[in-house]
Every structure is written in C-alpha cells, then in structure tokens.
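K.L.:
What follows is the file protein.pdb, containing PDB, C-alpha atoms:
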ATOM      1  CA  MET O  66     108.261 131.199  -6.300  1.00  0.00           C
ATOM      2  CA  GLU O  67     109.569 134.174  -8.183  1.00  0.00           C
ATOM      3  CA  TYR O  68     107.693 136.715 -10.273  1.00  0.00           C
ATOM      4  CA  THR O  69     108.239 139.363 -12.892  1.00  0.00           C
ATOM      5  CA  TYR O  70     105.919 141.993 -14.300  1.00  0.00           C
ATOM      6  CA  ILE O  71     106.007 144.648 -16.939  1.00  0.00           C
ATOM      7  CA  LYS O  72     103.462 147.386 -17.577  1.00  0.00           C
ATOM      8  CA  SER O  73     102.367 148.173 -21.100  1.00  0.00           C
ATOM      9  CA  GLU O  74      99.887 151.082 -21.166  1.00  0.00           C
ATOM     10  CA  ASP O  75      97.121 149.935 -18.802  1.00  0.00           C
ATOM     11  CA  ILE O  76      97.978 146.239 -18.882  1.00  0.00           C
ATOM     12  CA  LEU O  77     100.268 144.493 -16.430  1.00  0.00           C
ATOM     13  CA  GLU O  78     101.895 141.355 -17.826  1.00  0.00           C
ATOM     14  CA  VAL O  79     102.823 139.144 -14.883  1.00  0.00           C
ATOM     15  CA  SER O  80     104.798 135.894 -14.915  1.00  0.00           C
ATOM     16  CA  ILE O  81     104.973 133.591 -11.917  1.00  0.00           C
ATOM     17  CA  LEU O  82     107.934 131.234 -11.921  1.00  0.00           C
ATOM     18  CA  GLY O  83     108.921 128.200  -9.857  1.00  0.00           C
ATOM     19  CA  LYS O  84     106.860 126.048  -7.544  1.00  0.00           C
ATOM     20  CA  LEU O  85     103.854 127.765  -5.909  1.00  0.00           C
ATOM     21  CA  THR O  86     103.284 126.170  -2.505  1.00  0.00           C
ATOM     22  CA  PHE O  87     102.279 126.661   1.127  1.00  0.00           C
ATOM     23  CA  ARG O  88     105.609 128.357   1.802  1.00  0.00           C
ATOM     24  CA  ASP O  89     104.942 131.262  -0.598  1.00  0.00           C
ATOM     25  CA  GLN O  90     102.146 133.058   1.217  1.00  0.00           C
ATOM     26  CA  LYS O  91     104.047 136.172   2.247  1.00  0.00           C
ATOM     27  CA  LYS O  92     105.895 136.572  -1.039  1.00  0.00           C
ATOM     28  CA  PHE O  93     102.671 136.122  -2.984  1.00  0.00           C
ATOM     29  CA  GLN O  94     100.951 138.872  -1.002  1.00  0.00           C
ATOM     30  CA  GLN O  95     103.990 141.079  -1.572  1.00  0.00           C
ATOM     31  CA  MET O  96     103.547 140.482  -5.311  1.00  0.00           C
ATOM     32  CA  ILE O  97      99.859 141.380  -5.165  1.00  0.00           C
ATOM     33  CA  ASP O  98     100.644 144.578  -3.246  1.00  0.00           C
ATOM     34  CA  GLU O  99     103.160 145.539  -5.938  1.00  0.00           C
ATOM     35  CA  LEU O 100     100.687 144.787  -8.720  1.00  0.00           C
ATOM     36  CA  ILE O 101      98.052 146.975  -7.089  1.00  0.00           C
ATOM     37  CA  ALA O 102     100.601 149.768  -6.654  1.00  0.00           C
ATOM     38  CA  ALA O 103     101.386 149.579 -10.380  1.00  0.00           C
ATOM     39  CA  ALA O 104      97.892 151.007 -11.030  1.00  0.00           C
ATOM     40  CA  ALA O 105      96.976 149.052 -14.151  1.00  0.00           C
ATOM     41  CA  LEU O 106      93.456 148.353 -15.371  1.00  0.00           C
ATOM     42  CA  LYS O 107      94.153 144.756 -16.332  1.00  0.00           C
ATOM     43  CA  TRP O 108      96.397 141.979 -15.020  1.00  0.00           C
ATOM     44  CA  ARG O 109      97.408 139.153 -17.343  1.00  0.00           C
ATOM     45  CA  ILE O 110      98.936 136.453 -15.183  1.00  0.00           C
ATOM     46  CA  ASP O 111     101.066 133.837 -16.948  1.00  0.00           C
ATOM     47  CA  LEU O 112     101.134 130.577 -14.971  1.00  0.00           C
ATOM     48  CA  ARG O 113     102.898 128.557 -17.676  1.00  0.00           C
ATOM     49  CA  PRO O 114     106.349 128.812 -16.018  1.00  0.00           C
ATOM     50  CA  ILE O 115     104.997 127.174 -12.832  1.00  0.00           C
ATOM     51  CA  PRO O 116     106.003 123.474 -12.785  1.00  0.00           C
ATOM     52  CA  TYR O 117     104.112 122.548  -9.606  1.00  0.00           C
ATOM     53  CA  ILE O 118     101.312 123.905  -7.448  1.00  0.00           C
ATOM     54  CA  ASP O 119      99.738 122.597  -4.226  1.00  0.00           C
ATOM     55  CA  SER O 120      96.370 123.322  -2.630  1.00  0.00           C
ATOM     56  CA  ALA O 121      97.791 126.321  -0.761  1.00  0.00           C
ATOM     57  CA  GLY O 122      99.083 127.636  -4.092  1.00  0.00           C
ATOM     58  CA  LEU O 123      95.578 127.364  -5.532  1.00  0.00           C
ATOM     59  CA  GLY O 124      94.338 129.337  -2.546  1.00  0.00           C
ATOM     60  CA  LEU O 125      96.921 132.014  -3.256  1.00  0.00           C
ATOM     61  CA  LEU O 126      95.611 132.370  -6.814  1.00  0.00           C
ATOM     62  CA  LEU O 127      92.180 133.147  -5.371  1.00  0.00           C
ATOM     63  CA  ARG O 128      93.796 136.160  -3.724  1.00  0.00           C
ATOM     64  CA  ILE O 129      94.552 137.515  -7.184  1.00  0.00           C
ATOM     65  CA  LYS O 130      90.879 137.294  -8.043  1.00  0.00           C
ATOM     66  CA  ASP O 131      89.716 138.817  -4.740  1.00  0.00           C
ATOM     67  CA  ASN O 132      92.241 141.660  -4.748  1.00  0.00           C
ATOM     68  CA  ALA O 133      91.622 142.475  -8.404  1.00  0.00           C
ATOM     69  CA  GLU O 134      87.877 142.623  -7.873  1.00  0.00           C
ATOM     70  CA  GLN O 135      88.270 144.873  -4.832  1.00  0.00           C
ATOM     71  CA  ALA O 136      90.513 147.228  -6.829  1.00  0.00           C
ATOM     72  CA  ASP O 137      88.202 147.116  -9.890  1.00  0.00           C
ATOM     73  CA  ILE O 138      90.928 145.501 -11.978  1.00  0.00           C
ATOM     74  CA  SER O 139      90.283 142.906 -14.689  1.00  0.00           C
ATOM     75  CA  ALA O 140      92.433 139.811 -14.126  1.00  0.00           C
ATOM     76  CA  SER O 141      92.996 136.807 -16.366  1.00  0.00           C
ATOM     77  CA  LEU O 142      95.151 133.702 -16.165  1.00  0.00           C
ATOM     78  CA  HIS O 143      97.197 132.054 -18.878  1.00  0.00           C
ATOM     79  CA  LEU O 144      97.359 128.329 -18.090  1.00  0.00           C
ATOM     80  CA  PRO O 145      99.727 125.679 -19.408  1.00  0.00           C
ATOM     81  CA  GLU O 146      98.103 123.274 -21.878  1.00  0.00           C
ATOM     82  CA  SER O 147      99.217 120.248 -19.869  1.00  0.00           C
ATOM     83  CA  GLY O 148     101.210 119.243 -16.825  1.00  0.00           C
ATOM     84  CA  GLN O 149     100.661 119.282 -13.078  1.00  0.00           C
ATOM     85  CA  VAL O 150      99.275 122.832 -12.866  1.00  0.00           C
ATOM     86  CA  ARG O 151      96.694 122.192 -15.588  1.00  0.00           C
ATOM     87  CA  HIS O 152      95.762 118.936 -13.868  1.00  0.00           C
ATOM     88  CA  MET O 153      95.270 120.702 -10.533  1.00  0.00           C
ATOM     89  CA  PHE O 154      93.005 123.271 -12.215  1.00  0.00           C
ATOM     90  CA  ASN O 155      90.991 120.480 -13.791  1.00  0.00           C
ATOM     91  CA  ILE O 156      90.398 118.399 -10.668  1.00  0.00           C
ATOM     92  CA  SER O 157      89.685 121.421  -8.454  1.00  0.00           C
ATOM     93  CA  HIS O 158      87.362 123.049 -11.037  1.00  0.00           C
ATOM     94  CA  PHE O 159      89.403 126.229 -10.701  1.00  0.00           C
ATOM     95  CA  GLU O 160      88.933 127.289 -14.319  1.00  0.00           C
ATOM     96  CA  LYS O 161      85.343 128.182 -13.436  1.00  0.00           C
ATOM     97  CA  LEU O 162      86.557 130.678 -10.849  1.00  0.00           C
ATOM     98  CA  PHE O 163      88.802 132.679 -13.196  1.00  0.00           C
ATOM     99  CA  THR O 164      88.914 134.293 -16.592  1.00  0.00           C
ATOM    100  CA  VAL O 165      91.261 131.951 -18.438  1.00  0.00           C
ATOM    101  CA  GLU O 166      92.996 132.826 -21.700  1.00  0.00           C
TER     102      GLU O 166
ATOM    103  CA  MET S 238     103.212  90.539  -1.936  1.00  0.00           C
ATOM    104  CA  VAL S 239     106.757  90.916  -0.631  1.00  0.00           C
ATOM    105  CA  THR S 240     108.093  94.068   0.970  1.00  0.00           C
ATOM    106  CA  SER S 241     111.160  95.211  -0.927  1.00  0.00           C
ATOM    107  CA  ILE S 242     111.883  98.501   0.824  1.00  0.00           C
ATOM    108  CA  SER S 243     110.680 100.123   4.052  1.00  0.00           C
ATOM    109  CA  THR S 244     111.929 103.585   4.881  1.00  0.00           C
ATOM    110  CA  ASP S 245     111.096 106.140   7.605  1.00  0.00           C
ATOM    111  CA  TYR S 246     111.466 109.921   7.563  1.00  0.00           C
ATOM    112  CA  GLU S 247     110.825 112.211  10.540  1.00  0.00           C
ATOM    113  CA  PHE S 248     109.659 115.817  10.122  1.00  0.00           C
ATOM    114  CA  ARG S 249     108.279 118.670  12.202  1.00  0.00           C
ATOM    115  CA  SER S 250     108.638 121.939  10.209  1.00  0.00           C
ATOM    116  CA  PRO S 251     107.959 123.370   6.732  1.00  0.00           C
ATOM    117  CA  ALA S 252     111.666 123.157   5.919  1.00  0.00           C
ATOM    118  CA  ASP S 253     111.657 119.492   6.970  1.00  0.00           C
ATOM    119  CA  ILE S 254     108.736 118.780   4.625  1.00  0.00           C
ATOM    120  CA  VAL S 255     110.589 120.255   1.654  1.00  0.00           C
ATOM    121  CA  ALA S 256     113.762 118.351   2.579  1.00  0.00           C
ATOM    122  CA  VAL S 257     111.960 115.036   3.108  1.00  0.00           C
ATOM    123  CA  MET S 258     110.143 115.393  -0.226  1.00  0.00           C
ATOM    124  CA  GLU S 259     113.437 115.956  -2.028  1.00  0.00           C
ATOM    125  CA  ILE S 260     115.018 112.890  -0.414  1.00  0.00           C
ATOM    126  CA  LEU S 261     111.881 110.830  -1.031  1.00  0.00           C
ATOM    127  CA  LEU S 262     111.777 111.671  -4.741  1.00  0.00           C
ATOM    128  CA  GLN S 263     115.469 110.907  -5.106  1.00  0.00           C
ATOM    129  CA  LYS S 264     114.960 107.487  -3.582  1.00  0.00           C
ATOM    130  CA  PHE S 265     111.578 106.765  -5.184  1.00  0.00           C
ATOM    131  CA  PRO S 266     111.539 108.748  -8.468  1.00  0.00           C
ATOM    132  CA  TYR S 267     108.290 107.141  -9.589  1.00  0.00           C
ATOM    133  CA  LEU S 268     106.520 108.896  -6.701  1.00  0.00           C
ATOM    134  CA  GLU S 269     106.950 112.230  -8.521  1.00  0.00           C
ATOM    135  CA  LYS S 270     103.304 112.036  -9.630  1.00  0.00           C
ATOM    136  CA  ALA S 271     102.369 111.518  -5.980  1.00  0.00           C
ATOM    137  CA  GLU S 272     104.343 114.561  -4.792  1.00  0.00           C
ATOM    138  CA  MET S 273     101.303 116.773  -4.360  1.00  0.00           C
ATOM    139  CA  ALA S 274      99.351 114.131  -2.434  1.00  0.00           C
ATOM    140  CA  ILE S 275     102.195 113.252  -0.095  1.00  0.00           C
ATOM    141  CA  SER S 276     103.101 116.894   0.484  1.00  0.00           C
ATOM    142  CA  GLU S 277      99.468 117.804   1.268  1.00  0.00           C
ATOM    143  CA  LEU S 278      99.253 115.014   3.844  1.00  0.00           C
ATOM    144  CA  MET S 279     102.546 116.059   5.428  1.00  0.00           C
ATOM    145  CA  VAL S 280     101.439 119.697   5.696  1.00  0.00           C
ATOM    146  CA  ASN S 281      98.177 118.560   7.285  1.00  0.00           C
ATOM    147  CA  ALA S 282     100.080 116.409   9.802  1.00  0.00           C
ATOM    148  CA  MET S 283     102.199 119.408  10.745  1.00  0.00           C
ATOM    149  CA  GLU S 284      99.588 122.204  10.740  1.00  0.00           C
ATOM    150  CA  HIS S 285      96.413 120.466  11.876  1.00  0.00           C
ATOM    151  CA  GLY S 286      97.975 117.482  13.658  1.00  0.00           C
ATOM    152  CA  ASN S 287     101.043 118.368  15.665  1.00  0.00           C
ATOM    153  CA  LEU S 288     100.493 122.136  15.791  1.00  0.00           C
ATOM    154  CA  GLU S 289      96.707 121.852  16.289  1.00  0.00           C
ATOM    155  CA  ILE S 290      95.840 124.779  14.020  1.00  0.00           C
ATOM    156  CA  SER S 291      92.104 124.306  13.518  1.00  0.00           C
ATOM    157  CA  TYR S 292      90.252 124.883  10.239  1.00  0.00           C
ATOM    158  CA  GLN S 293      88.680 128.019  11.684  1.00  0.00           C
ATOM    159  CA  GLU S 294      92.006 129.316  12.974  1.00  0.00           C
ATOM    160  CA  LYS S 295      93.600 128.782   9.574  1.00  0.00           C
ATOM    161  CA  THR S 296      90.767 130.691   7.892  1.00  0.00           C
ATOM    162  CA  ALA S 297      91.483 133.652  10.189  1.00  0.00           C
ATOM    163  CA  LEU S 298      95.264 133.355   9.752  1.00  0.00           C
ATOM    164  CA  LEU S 299      94.926 133.365   5.970  1.00  0.00           C
ATOM    165  CA  LYS S 300      92.968 136.611   6.123  1.00  0.00           C
ATOM    166  CA  THR S 301      95.853 138.260   7.943  1.00  0.00           C
ATOM    167  CA  ASN S 302      98.506 136.417   5.903  1.00  0.00           C
ATOM    168  CA  THR S 303     100.032 135.013   9.087  1.00  0.00           C
ATOM    169  CA  VAL S 304      99.763 131.229   8.699  1.00  0.00           C
ATOM    170  CA  MET S 305     103.527 130.739   8.522  1.00  0.00           C
ATOM    171  CA  ASP S 306     104.034 133.126  11.462  1.00  0.00           C
ATOM    172  CA  GLU S 307     101.673 131.013  13.558  1.00  0.00           C
ATOM    173  CA  VAL S 308     103.409 127.821  12.414  1.00  0.00           C
ATOM    174  CA  ASP S 309     106.751 129.317  13.504  1.00  0.00           C
ATOM    175  CA  ASN S 310     105.276 130.417  16.841  1.00  0.00           C
ATOM    176  CA  ARG S 311     103.836 126.986  17.608  1.00  0.00           C
ATOM    177  CA  LEU S 312     107.060 125.256  16.576  1.00  0.00           C
ATOM    178  CA  LYS S 313     108.729 127.291  19.344  1.00  0.00           C
ATOM    179  CA  ASP S 314     106.042 126.292  21.855  1.00  0.00           C
ATOM    180  CA  PRO S 315     107.274 123.544  24.228  1.00  0.00           C
ATOM    181  CA  LEU S 316     104.064 121.508  23.787  1.00  0.00           C
ATOM    182  CA  TYR S 317     103.548 121.669  20.028  1.00  0.00           C
ATOM    183  CA  GLY S 318     107.180 122.132  19.031  1.00  0.00           C
ATOM    184  CA  ALA S 319     108.332 118.925  20.678  1.00  0.00           C
ATOM    185  CA  ARG S 320     106.021 116.795  18.534  1.00  0.00           C
ATOM    186  CA  ARG S 321     107.321 114.870  15.559  1.00  0.00           C
ATOM    187  CA  ALA S 322     105.595 113.453  12.510  1.00  0.00           C
ATOM    188  CA  LEU S 323     106.682 110.338  10.684  1.00  0.00           C
ATOM    189  CA  LEU S 324     106.475 109.407   7.018  1.00  0.00           C
ATOM    190  CA  GLU S 325     106.903 105.708   6.268  1.00  0.00           C
ATOM    191  CA  VAL S 326     107.218 104.174   2.818  1.00  0.00           C
ATOM    192  CA  GLU S 327     106.602 100.491   2.185  1.00  0.00           C
ATOM    193  CA  GLU S 328     107.140  99.170  -1.314  1.00  0.00           C
ATOM    194  CA  PHE S 329     105.376  96.057  -2.513  1.00  0.00           C
ATOM    195  CA  THR S 330     105.372  94.422  -5.908  1.00  0.00           C
ATOM    196  CA  ASN S 331     102.322  96.211  -7.249  1.00  0.00           C
ATOM    197  CA  GLU S 332     101.849  99.191  -4.966  1.00  0.00           C
ATOM    198  CA  THR S 333     103.497 101.504  -2.476  1.00  0.00           C
ATOM    199  CA  PHE S 334     102.075 102.447   0.913  1.00  0.00           C
ATOM    200  CA  VAL S 335     102.933 105.896   2.263  1.00  0.00           C
ATOM    201  CA  SER S 336     101.914 106.336   5.902  1.00  0.00           C
ATOM    202  CA  ILE S 337     102.024 109.695   7.673  1.00  0.00           C
ATOM    203  CA  SER S 338     101.424 109.887  11.406  1.00  0.00           C
ATOM    204  CA  ASP S 339     101.590 112.764  13.843  1.00  0.00           C
ATOM    205  CA  GLU S 340     101.420 113.210  17.610  1.00  0.00           C
ATOM    206  CA  GLY S 341      98.376 115.468  17.648  1.00  0.00           C
ATOM    207  CA  PRO S 342      94.928 114.623  19.002  1.00  0.00           C
ATOM    208  CA  GLY S 343      93.608 113.712  15.551  1.00  0.00           C
ATOM    209  CA  PHE S 344      90.979 115.549  13.541  1.00  0.00           C
ATOM    210  CA  ILE S 345      87.661 114.952  11.831  1.00  0.00           C
ATOM    211  CA  TRP S 346      89.065 113.881   8.491  1.00  0.00           C
ATOM    212  CA  ALA S 347      85.736 112.658   7.103  1.00  0.00           C
ATOM    213  CA  ASP S 348      84.576 116.273   6.673  1.00  0.00           C
ATOM    214  CA  PHE S 349      87.344 116.873   4.137  1.00  0.00           C
ATOM    215  CA  LEU S 350      87.470 113.531   2.325  1.00  0.00           C
ATOM    216  CA  ASP S 351      85.937 113.330  -1.120  1.00  0.00           C
ATOM    217  CA  GLN S 352      84.235 116.714  -0.918  1.00  0.00           C
ATOM    218  CA  ASP S 353      82.826 118.430  -3.991  1.00  0.00           C
ATOM    219  CA  LEU S 354      85.730 120.717  -4.842  1.00  0.00           C
ATOM    220  CA  SER S 355      83.623 122.764  -7.251  1.00  0.00           C
ATOM    221  CA  LYS S 356      81.699 124.074  -4.229  1.00  0.00           C
ATOM    222  CA  ASN S 357      84.776 125.151  -2.287  1.00  0.00           C
ATOM    223  CA  LYS S 358      85.512 128.786  -3.147  1.00  0.00           C
ATOM    224  CA  GLY S 359      87.488 129.413   0.041  1.00  0.00           C
ATOM    225  CA  LEU S 360      91.219 129.963   0.437  1.00  0.00           C
ATOM    226  CA  HIS S 361      91.857 126.476   1.866  1.00  0.00           C
ATOM    227  CA  GLY S 362      90.345 123.067   2.729  1.00  0.00           C
ATOM    228  CA  ARG S 363      91.097 121.252  -0.549  1.00  0.00           C
ATOM    229  CA  GLY S 364      94.244 119.344   0.419  1.00  0.00           C
ATOM    230  CA  ILE S 365      92.774 115.988   1.424  1.00  0.00           C
ATOM    231  CA  SER S 366      90.397 115.797  -1.529  1.00  0.00           C
ATOM    232  CA  LEU S 367      93.177 116.712  -3.942  1.00  0.00           C
ATOM    233  CA  ALA S 368      95.455 114.138  -2.325  1.00  0.00           C
ATOM    234  CA  LEU S 369      92.723 111.511  -2.637  1.00  0.00           C
ATOM    235  CA  SER S 370      92.473 112.205  -6.367  1.00  0.00           C
ATOM    236  CA  GLN S 371      96.115 111.151  -6.764  1.00  0.00           C
ATOM    237  CA  CYS S 372      95.924 107.938  -4.711  1.00  0.00           C
ATOM    238  CA  LYS S 373      94.672 104.458  -5.307  1.00  0.00           C
ATOM    239  CA  SER S 374      93.229 104.682  -1.805  1.00  0.00           C
ATOM    240  CA  LEU S 375      93.466 106.960   1.221  1.00  0.00           C
ATOM    241  CA  ASN S 376      92.614 105.692   4.693  1.00  0.00           C
ATOM    242  CA  TYR S 377      92.688 107.460   8.035  1.00  0.00           C
ATOM    243  CA  VAL S 378      93.453 105.262  11.006  1.00  0.00           C
ATOM    244  CA  GLY S 379      92.277 105.448  14.601  1.00  0.00           C
ATOM    245  CA  ARG S 380      91.578 108.936  15.908  1.00  0.00           C
ATOM    246  CA  GLY S 381      92.734 110.525  12.666  1.00  0.00           C
ATOM    247  CA  ASN S 382      96.385 111.156  13.356  1.00  0.00           C
ATOM    248  CA  LYS S 383      97.594 108.531  10.896  1.00  0.00           C
ATOM    249  CA  VAL S 384      96.810 108.365   7.211  1.00  0.00           C
ATOM    250  CA  VAL S 385      97.822 105.670   4.759  1.00  0.00           C
ATOM    251  CA  ALA S 386      97.964 106.557   1.064  1.00  0.00           C
ATOM    252  CA  THR S 387      98.324 103.754  -1.469  1.00  0.00           C
ATOM    253  CA  PHE S 388      99.869 104.368  -4.885  1.00  0.00           C
ATOM    254  CA  SER S 389     100.101 101.938  -7.777  1.00  0.00           C
ATOM    255  CA  ARG S 390     103.606 101.125  -8.964  1.00  0.00           C
ATOM    256  CA  PRO S 391     104.002 102.572 -12.483  1.00  0.00           C
ATOM    257  CA  ASP S 392     105.480  99.329 -13.816  1.00  0.00           C
ATOM    258  CA  ALA S 393     102.980  97.089 -12.053  1.00  0.00           C
TER     259      ALA S 393
END
Would you encode the structure as structure tokens?

P.N.:
Amino acid sequence: MEYTYIKSEDILEVSILGKLTFRDQKKFQQMIDELIAAAALKWRIDLRPIPYIDSAGLGLLLRIKDNAEQADISASLHLPESGQVRHMFNISHFEKLFTVE
Amino acid sequence: MVTSISTDYEFRSPADIVAVMEILLQKFPYLEKAEMAISELMVNAMEHGNLEISYQEKTALLKTNTVMDEVDNRLKDPLYGARRALLEVEEFTNETFVSISDEGPGFIWADFLDQDLSKNKGLHGRGISLALSQCKSLNYVGRGNKVVATFSRPDA
C-alpha cells in the first residue's frame, strides 16, 4: 500500500493506494500516526484507489475508526461503487461500522 | 470428470505467499476472483498452522502491531521455520480444487467457519468466513491442517 494526504483547514483528505493486505500492518500504523500528528478535526479516507483488500486489510481499517475515536476525530470512508473492495465491505457488513460517504 | 492440470506450490513465508499467488494467477487467470479466498487460506496455513500463532496470541500481537515481527521470529525458529505448506491445484471440467496443507498440529476450524460476520467487530478472525463466501465449497480434512476449496470454472 501507499498513501497520500493533504490538509485543508481542519480536514485531512487521505488516499490509500494499492493492495491493502496482511503485509501492510506496520506501514498502516505509520500512516495513522502521521494522520494524528497532522492535528485535523476530520479525516476523509478515500478507498477508491484500492484494487484489492483482504481480511487483515479490513482489520487495519478498524484501526482508523478506533484511533480517530480515541483522538476525538471524525472519520469517514469513501468507498468504490463496485469491485472487490466494495464486495468485501458488503459481505463483511463493514459499512455498518463506519461513516461512509 | 477428467483432470486436465495438477500443479503444486510450496510456501513458508509471507513473501512466498505473494509470489505463489502471482504465479498461480498467471497460470490460472480465471482464479483472480478466488484470490482473496486462496490468499486467506494460505495465510492461515502459515500463521496458525505451521507457525502455531493462536487466535489469542494474534489478538495480543495486533494490539502491539507486531504480528509480522512474530511471524519473522518463528520463521527463524528451528521447529516452526523448517515447516512447509503446500498449495495444490487440480482442474476438472466444471470445477477447480485448491488444497492447502500445512505441517502444524491443526486447529479448531469449525469455530471460524460460517460465522456471522456482522457480529465480529474485532481486528481479525474473518478470513475463513470470507474465504467460504468466495468458494463453491470449503472442507477441512483430518485434524484441520488441510483445507480443500472448490471453485466453479467460469466457463463451466
């Protein structure tokens, strides 16, 4: 995985790119640490550039939710309309766990 | 039903899993939709099978973000690191069997098969159920260190 983010006033626009899998745990936590350090009030996470996610990747997304809540940050996800990532959200009922745009 | 192709791939590490998946999808492009299922079963064979990382241990390792560190440590251990896992593909006219076996003691797979994913809010434990959702059938064999996933052929 790769990631980019840009801060606009109090909102952090984050894009996650590439496959999100069991091998990305350390890099994902590094991203979360950087997002927290950016001191925004809201994170908007764009998952549309992700072509593939596994169950460990879903678990990593829960870290966004947990870390945001602990830091009193509002976090939302932007999901692709179709494809493997959307399918994984559907069958795992993950949409219910997040604010989805 | 006549077997047209039977192929074996050995793996033991995360890098092996990525490499085997790439080779597998080159040889069997129609298995792309099965990538998640096969990958989940391979990771399970490595982590919970050969390396004997228990569900509870993984929960603790995830909290400290050290799952991959523990995987690396156990791969260097003479006992766990010497174990190999095997992925076998058998193609038939209408379906493809993908078998994954490891050299671990087996695990209680029934606890994780066909669970209600909407009730799992934890950081892990979804892999087998998600894999099952992509298969025609998923069967554990013997003590639980071999799993056979069946996929329909797209042109069948």

K.L.:
Taking only C-alpha atoms into account, find every residue of chain S that has an atom no more than 10 Å from chain O, and write it out as a ChimeraX atom specification.

P.N.:
/S:251-252,255,270,272-274,276-277,280,299-300,302-306,353-368,370

K.L.:
Go through the shown structure with the PyMOL selection byres ((chain S and resi 345) around 10) and write out the matching residues as JSON, numbers by chain.

P.N.:
{"S": [343, 344, 346, 347, 348, 349, 350, 377, 380, 381, 382]}

K.L.:
If the box runs along x, y and z of the file and leaves 8 Å on each side of segment 383-387 of chain S, what are its centre and edge lengths in Å, one decimal, as lines of an AutoDock Vina configuration file?

P.N.:
center_x = 97.6
center_y = 106.1
center_z = 4.7
size_x = 17.5
size_y = 20.8
size_z = 28.4

K.L.:
For the structure shown, which residues end up in the PyMOL selection byres ((chain S and resi 337) around 8)? Put them as an MDAnalysis selection string, please?

P.N.:
chainID S and resid 278:279 282 322:325 335:336 338:339 383:385

K.L.:
In Å, with one decimal, what is the gap from atom CA of Ile115 of chain O to atom CA of Ile81 of chain O?

P.N.:
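Here the two named atoms are 6.5 Å from each other.
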
K.L.:
Just want the 8 Å neighbourhood of Lys107 of chain O, counted on all atoms listed in the file, with same-chain residues fewer than 2 positions away dropped. Output as a list of chain:residue names.

P.N.:
O:Asp75, O:Ile76, O:Leu77, O:Ala105, O:Arg109, O:Ile138, O:Ser139, O:Ala140

K.L.:
Once you have the residues from the selection above, write them out as a PDB file, keeping the file's coordinate frame, restricted to C-alpha atoms.

P.N.:
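Once everything was written out, this is out24.pdb:
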ATOM      1  CA  ASP O  75      97.121 149.935 -18.802  1.00  0.00           C
ATOM      2  CA  ILE O  76      97.978 146.239 -18.882  1.00  0.00           C
ATOM      3  CA  LEU O  77     100.268 144.493 -16.430  1.00  0.00           C
ATOM      4  CA  ALA O 105      96.976 149.052 -14.151  1.00  0.00           C
ATOM      5  CA  ARG O 109      97.408 139.153 -17.343  1.00  0.00           C
ATOM      6  CA  ILE O 138      90.928 145.501 -11.978  1.00  0.00           C
ATOM      7  CA  SER O 139      90.283 142.906 -14.689  1.00  0.00           C
ATOM      8  CA  ALA O 140      92.433 139.811 -14.126  1.00  0.00           C
TER       9      ALA O 140
END

K.L.:
Report as a PyMOL selection string the full result of the PyMOL selection byres ((chain S and resi 269) around 12) when it is applied to this structure.

P.N.:
(chain O and resi 117+149) or (chain S and resi 258-268+270-276+371+388+390-391)

K.L.:
Write the selection just made, keeping C-alpha atoms, as a short mmCIF file (atom, residue, chain, number, x, y, z; two decimals), in the coordinates of the input?

P.N.:
data_model
loop_
_atom_site.label_atom_id
_atom_site.label_comp_id
_atom_site.auth_asym_id
_atom_site.auth_seq_id
_atom_site.Cartn_x
_atom_site.Cartn_y
_atom_site.Cartn_z
CA TYR O 117 104.11 122.55 -9.61
CA GLN O 149 100.66 119.28 -13.08
CA MET S 258 110.14 115.39 -0.23
CA GLU S 259 113.44 115.96 -2.03
CA ILE S 260 115.02 112.89 -0.41
CA LEU S 261 111.88 110.83 -1.03
CA LEU S 262 111.78 111.67 -4.74
CA GLN S 263 115.47 110.91 -5.11
CA LYS S 264 114.96 107.49 -3.58
CA PHE S 265 111.58 106.76 -5.18
CA PRO S 266 111.54 108.75 -8.47
CA TYR S 267 108.29 107.14 -9.59
CA LEU S 268 106.52 108.90 -6.70
CA LYS S 270 103.30 112.04 -9.63
CA ALA S 271 102.37 111.52 -5.98
CA GLU S 272 104.34 114.56 -4.79
CA MET S 273 101.30 116.77 -4.36
CA ALA S 274 99.35 114.13 -2.43
CA ILE S 275 102.20 113.25 -0.10
CA SER S 276 103.10 116.89 0.48
CA GLN S 371 96.12 111.15 -6.76
CA PHE S 388 99.87 104.37 -4.88
CA ARG S 390 103.61 101.12 -8.96
CA PRO S 391 104.00 102.57 -12.48
#

K.L.:
Which residue is closest to Leu100 of chain O? Choose from O:Arg151, O:His143, O:Lys72, O:Lys84 and count only C-alpha atoms.

P.N.:
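Using only C-alpha atoms, Leu100 of chain O sits closest to O:Lys72.
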
K.L.:
What is the distance between atom CA of Glu327 of chain S and atom CA of Cys372 of chain S, in Å to one decimal?

P.N.:
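Between these atoms lies a distance of 14.7 Å.
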
K.L.:
What gap, in Å, lies between atom CA of Ser80 of chain O and atom CA of Leu144 of chain O?

P.N.:
11.1 Å

K.L.:
Neighbours of segment 307-316 of chain S within 9 Å (only C-alpha atoms; same-chain residues fewer than 5 positions away dropped), as a PyMOL selection string?

P.N.:
chain S and resi 249-251+283-284+288-290+298

K.L.:
Which one is closest to Gln95 of chain O: O:Pro116, O:Trp108, O:Tyr68, O:Lys130? Count all atoms listed in the file.

P.N.:
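Distance minimum relative to Gln95 of chain O lands on O:Tyr68.
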